[in-house]
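Right, one structure below, let's go through it.
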Amino acid sequence: MALIEIRGLVKAFGPVKAVDGINLDIESGEFITLLGPSGSGKTTVLRMVAGFEDPDAGQITLDGKDITHLAPFDRNVNTVFQDYALFPHMSVQENVEYGLRTRKVPKAQRAKQALEAIESVKLSHTADRLPHQLSGGQRQRIALARALVLRPQVLLLDEPLGALDRQLREEMQVELKRIQRDAGITFIFVTHDQDEAMRMSDRIVVFNHGRIEQVGTPQDVYERPATRFVAGFLGVSNLLEIPSAQSDTSKDATISIRPERIRLAPSSYQQRSGEVALGGRISEVAYLGSNTVFVVETDTGSRISVTTLNQELPTQGEGFGTGDRVLAVWQESQAAQISG
Amino acid sequence: MSTATESRPISTYLFRRPRVRLFSLLALPMTWIVGVYILSLFLLLITAFWYVDPFTSLVRPGFTLDNFQAVFTEPAYISTSLRTLWIALAVTILSVIFAVPLGLYMAKIAPAWLRNALAVAITLPLWAGYLVKIIAMRLVFTEEGFFNWLMAPFGIKGPGFSMPIVILTLTYLWFPYMALPVYTAIRQIPTNLFDASSDLGARGFMTIYRVVIPLITPAIIAGSVFTFSLSLGDYLAARFTGGATQMIGSMIAANINLNPPMAAAFSMVPITFVVIYLMVARRTGSLERM
């Protein structure tokens, strides 16, 4: 039995169905990411697990117990909010002690546990400060300590790194992952940043329009996207219609092939077995330092993107340029069939 | 058409002379504040040291501390001061008790149209005259009034004109001054602080006690300056709805013709209460911590 089981979850705000029938199992100790564009329903699902929103239909169980309609204070889950939601009139230590106070932990023990939690995020020297005296990254860590000190079964994180600058965000990604491993707590992480999702997650749940598009490991969703949406949302993908004659099934099929799995060859190139080759003309070349992106207009009327890694210094006069006729070549096994 | 060379003698003169400019800016308000506000208070204080000639009953300038001595020693004056202090505190506390849940509902729960309707409803009594509201309360609580009529089937009879009715009347009069700042302050609390509090295990009352109240304390103090000091100075509520209830204001009103120096000395009492109240509020640090 999974730690969290979500069945047929529905939530509408007025005429808009924010969450439209979601089923999801979350295993104990897992780092699972709800990924999707804004308005895709991921945050609403998180808020229903936390208890801030009451579902219109469906069920959520935690450890076999139905928590669908329980109040937030009756669930063993805690939340790290997008803008931290630290109490502005309380010191760092009082903030971290707040949850222990609601659980009637005696004063001395409360202080001890709070200081340990503050130390675990390496901010012992800020215990007496007020939140507005901390930097964004420090507030983020205190919000984390405030939730973790309660040893919840599940920690919910609502775009917690969204307000941080890039370098700090990358540090916090590593830090969060370490904390999750050490504490062995299940993390449900909401983000719209696919790099962040790929970097941190055991599994990714891709949301769109209030529904789940695909659930899988980062590799699953990247290499074998189930839908056009997933293929386009995680990284760049070329979606190509394959006429029924060439596909396995009798229907027309769509395949997804990643730009870095395609290489360019001179039009004289002899295609080997197991390879697919499409003829076309290069319409754009973008040199990005570590790699170069080519756009090829194929003879069949598609535009495909091809990325080559610049492993060596480019030699003058070598390589393809705009207007060149080329073959875009890939191994047939590298492409993924898209169903929807 | 104005041009750069057009002469504006007054503006040019003032522009070059900052002191004159400052004087012309402040002349009117300073005349008002110093000449009317402060001077009249000062004259009141001076009068408190004068005395009434026992034979002619005329006020004589002089210097005596008898009036102040009476304020602090006469049991009638002491009990009236304490009763007035208690009434003003009760009005303030009652206003807070009504204003916080109302503010929470308006700021965080009510739909926009209802929020606006309630805001109007709160301020509506301010449009009616002060005496009108006191008479309205008098009509409700009089012997044959609305309250007794409504409660008669349950065998409940109102207390008649007495101190509790004075407290209710004053709360009715000054409640808008507490409700509006409290509502505004609650509106400024981010919604996710309420989420965070319940997420960390706090039920409604703990969230109000530990999160809402501390965050709106400056607003409560601002509101209480009105509810407290306006109640301290009032006497018409006691006169029309208090029955035999005497407040500082009623005694000042009674003395104002017979013994003006005594009335002046007694009027220093509510001023002193307000000053002490503000100093205590400052001491708690609740005015600065925001």
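Residues are referred to by chain and number: the chain letter is A, B, ... according to the order shown in the structure tokens, the number counts from 1 in that chain, and ligands are numbered separately from 1 in the order shown.
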task: Write out as an NGL selection string all residues of segment 41-269 of chain B that backbone DSSP assigns to alpha helix (DSSP H).
output: :B and (41-47 or 66-73 or 75-104 or 112-127 or 130-141 or 146-151 or 163-187 or 191-199 or 204-207 or 213-233 or 236-241 or 248-258 or 260-269)
Set the cut-off to 9 Å and count only C-alpha atoms: what are the residues of chain B that reach chain A? Output as a compact mmCIF listing (two decimals) with C-alpha atoms, in the first residue's frame.
# COMPACT_ATOMS: atom_id res chain seq x y z
CA PRO B 190 -1.05 37.69 4.20
CA THR B 191 -3.50 34.80 3.85
CA ASN B 192 -0.73 32.25 3.88
CA LEU B 193 0.13 33.16 7.48
CA PHE B 194 -3.28 31.71 8.38
CA ASP B 195 -2.49 28.64 6.26
CA ALA B 196 0.94 28.32 7.88
CA SER B 197 -0.53 28.56 11.36
CA SER B 198 -3.10 25.82 10.79
CA ASP B 199 -0.50 23.76 8.92
CA LEU B 200 1.69 23.88 12.04
CA GLY B 201 -1.19 22.54 14.13
CA ALA B 202 -2.87 25.68 15.46
CA ARG B 203 -6.65 25.82 15.72
CA MET B 206 -4.52 29.94 18.81
CA VAL B 211 -0.71 35.51 15.05
CA PRO B 214 0.07 40.54 17.83
CA LEU B 215 0.02 41.68 14.21
CA ARG B 289 7.80 46.25 16.83
CA MET B 290 6.02 46.51 13.51
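Counting only C-alpha atoms, the residue from B:Met262, B:Pro164, B:Arg282, B:Tyr277 that sits nearest to Thr245 of chain B is B:Pro164.
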- request: Considering only C-alpha atoms, return as a ChimeraX atom specification whatever protein or nucleic-acid residues lie within 6 Å of segment 222-239 of chain A, sequence-local ones (same chain, fewer than 4 positions apart) excluded.
  value: /A:194,255-258,304,336,338-340
field: Which of segment 4-206 of chain B fall in strand (DSSP E), as a PyMOL selection string
entry: chain B and resi 51-52+59-60
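A straight line drawn from atom CA of Ala99 of chain B to atom CA of Tyr183 of chain B is 7.4 Å long.
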Selection: 12 Å around Asp63 of chain A, only C-alpha atoms, excl. self and same-chain fewer than 5 positions, as a PDB file with C-alpha atoms, in the first residue's frame:
ATOM      1  CA  MET A   1       0.000   0.000   0.000  1.00  0.00           C
ATOM      2  CA  ALA A   2       1.314   3.417  -0.924  1.00  0.00           C
ATOM      3  CA  LEU A   3       1.807   6.076   1.763  1.00  0.00           C
ATOM      4  CA  ILE A   4      -0.502   8.511   0.002  1.00  0.00           C
ATOM      5  CA  GLU A   5      -3.290   7.338  -2.274  1.00  0.00           C
ATOM      6  CA  ILE A   6      -5.222   9.905  -4.258  1.00  0.00           C
ATOM      7  CA  ASP A  25       0.047   6.844  -5.457  1.00  0.00           C
ATOM      8  CA  ILE A  26       3.007   8.223  -3.550  1.00  0.00           C
ATOM      9  CA  GLU A  27       5.418   5.833  -1.880  1.00  0.00           C
ATOM     10  CA  SER A  28       7.027   6.344   1.511  1.00  0.00           C
ATOM     11  CA  ARG A  75      -2.858  15.898   9.409  1.00  0.00           C
ATOM     12  CA  ASN A  76       0.676  14.722   9.859  1.00  0.00           C
ATOM     13  CA  VAL A  77       1.888  16.709   6.865  1.00  0.00           C
ATOM     14  CA  GLN A 153       5.270  11.918   7.435  1.00  0.00           C
ATOM     15  CA  VAL A 154       5.075  14.052   4.327  1.00  0.00           C
ATOM     16  CA  THR A 186       8.408  11.835   1.728  1.00  0.00           C
TER      17      THR A 186
END
With a cut-off of 10 Å, could you pull out the residues of segment 27-103 of chain B touching segment 224-228 of chain B and give me the nearest pair of atoms for each, distance in Å to one decimal, using only C-alpha atoms, ordered by chain and ascending number, as JSON lines?
{"residue": "B:Leu85", "atom": "CA", "partner": "B:Phe228", "partner_atom": "CA", "distance": 8.6}
{"residue": "B:Trp86", "atom": "CA", "partner": "B:Phe228", "partner_atom": "CA", "distance": 9.9}
{"residue": "B:Ile87", "atom": "CA", "partner": "B:Phe228", "partner_atom": "CA", "distance": 8.8}
{"residue": "B:Ala88", "atom": "CA", "partner": "B:Phe228", "partner_atom": "CA", "distance": 5.0}
{"residue": "B:Leu89", "atom": "CA", "partner": "B:Phe228", "partner_atom": "CA", "distance": 6.3}
{"residue": "B:Ala90", "atom": "CA", "partner": "B:Phe228", "partner_atom": "CA", "distance": 8.8}
{"residue": "B:Val91", "atom": "CA", "partner": "B:Thr227", "partner_atom": "CA", "distance": 6.7}
{"residue": "B:Thr92", "atom": "CA", "partner": "B:Thr227", "partner_atom": "CA", "distance": 5.5}
{"residue": "B:Ile93", "atom": "CA", "partner": "B:Ser224", "partner_atom": "CA", "distance": 8.6}
{"residue": "B:Leu94", "atom": "CA", "partner": "B:Thr227", "partner_atom": "CA", "distance": 9.9}
{"residue": "B:Ser95", "atom": "CA", "partner": "B:Thr227", "partner_atom": "CA", "distance": 7.8}
{"residue": "B:Val96", "atom": "CA", "partner": "B:Ser224", "partner_atom": "CA", "distance": 8.3}
Residue selection dump (C-alpha atoms) as a short mmCIF file (atom, residue, chain, number, x, y, z; two decimals), in the first residue's frame:
data_model
loop_
_atom_site.label_atom_id
_atom_site.label_comp_id
_atom_site.auth_asym_id
_atom_site.auth_seq_id
_atom_site.Cartn_x
_atom_site.Cartn_y
_atom_site.Cartn_z
CA LEU B 85 -11.99 54.42 34.10
CA TRP B 86 -13.70 51.05 34.35
CA ILE B 87 -16.46 52.08 31.92
CA ALA B 88 -13.89 53.33 29.38
CA LEU B 89 -11.86 50.10 29.69
CA ALA B 90 -15.00 47.98 29.35
CA VAL B 91 -16.06 49.90 26.24
CA THR B 92 -12.60 49.41 24.73
CA ILE B 93 -12.46 45.69 25.51
CA LEU B 94 -16.00 45.15 24.25
CA SER B 95 -15.15 47.00 21.03
CA VAL B 96 -12.07 44.78 20.50
#
field: Surrounding residues of segment 143-157 of chain B excluding itself and chain neighbours under 6 positions, 12 Å, only C-alpha atoms, as a PyMOL selection string
entry: chain B and resi 135-137+165+241+243
message: Need the shell around Asn310 of chain A: protein/DNA/RNA residues with any atom at most 10 Å away, counting only C-alpha atoms. Skip same-chain ones fewer than 6 positions apart. Format as a list in words?
response: Tyr287, Leu288, Gly289, Ser290, Asn291 and Thr292 of chain A
message: Taking 3 positions as the minimum chain separation for residues in the same chain, which residues sit within 9 Å of segment 44-58 of chain B when counting only C-alpha atoms? Answer as a PyMOL selection string.
response: chain B and resi 39-41+61-68+258-268
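When only C-alpha atoms are used to compute distances to Ile97 of chain B, the closest of the residues B:Phe175, B:Tyr235, B:Trp127, B:Tyr13 turns out to be B:Phe175.
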task: Please indicate the distance in Å from atom CA of Ser231 of chain B to atom CA of Leu118 of chain B, rounded to one decimal place.
output: 24.2 Å
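Pairwise distance (atom CA of Ala111 of chain A, atom CA of Thr126 of chain A) equals 14.1 Å.
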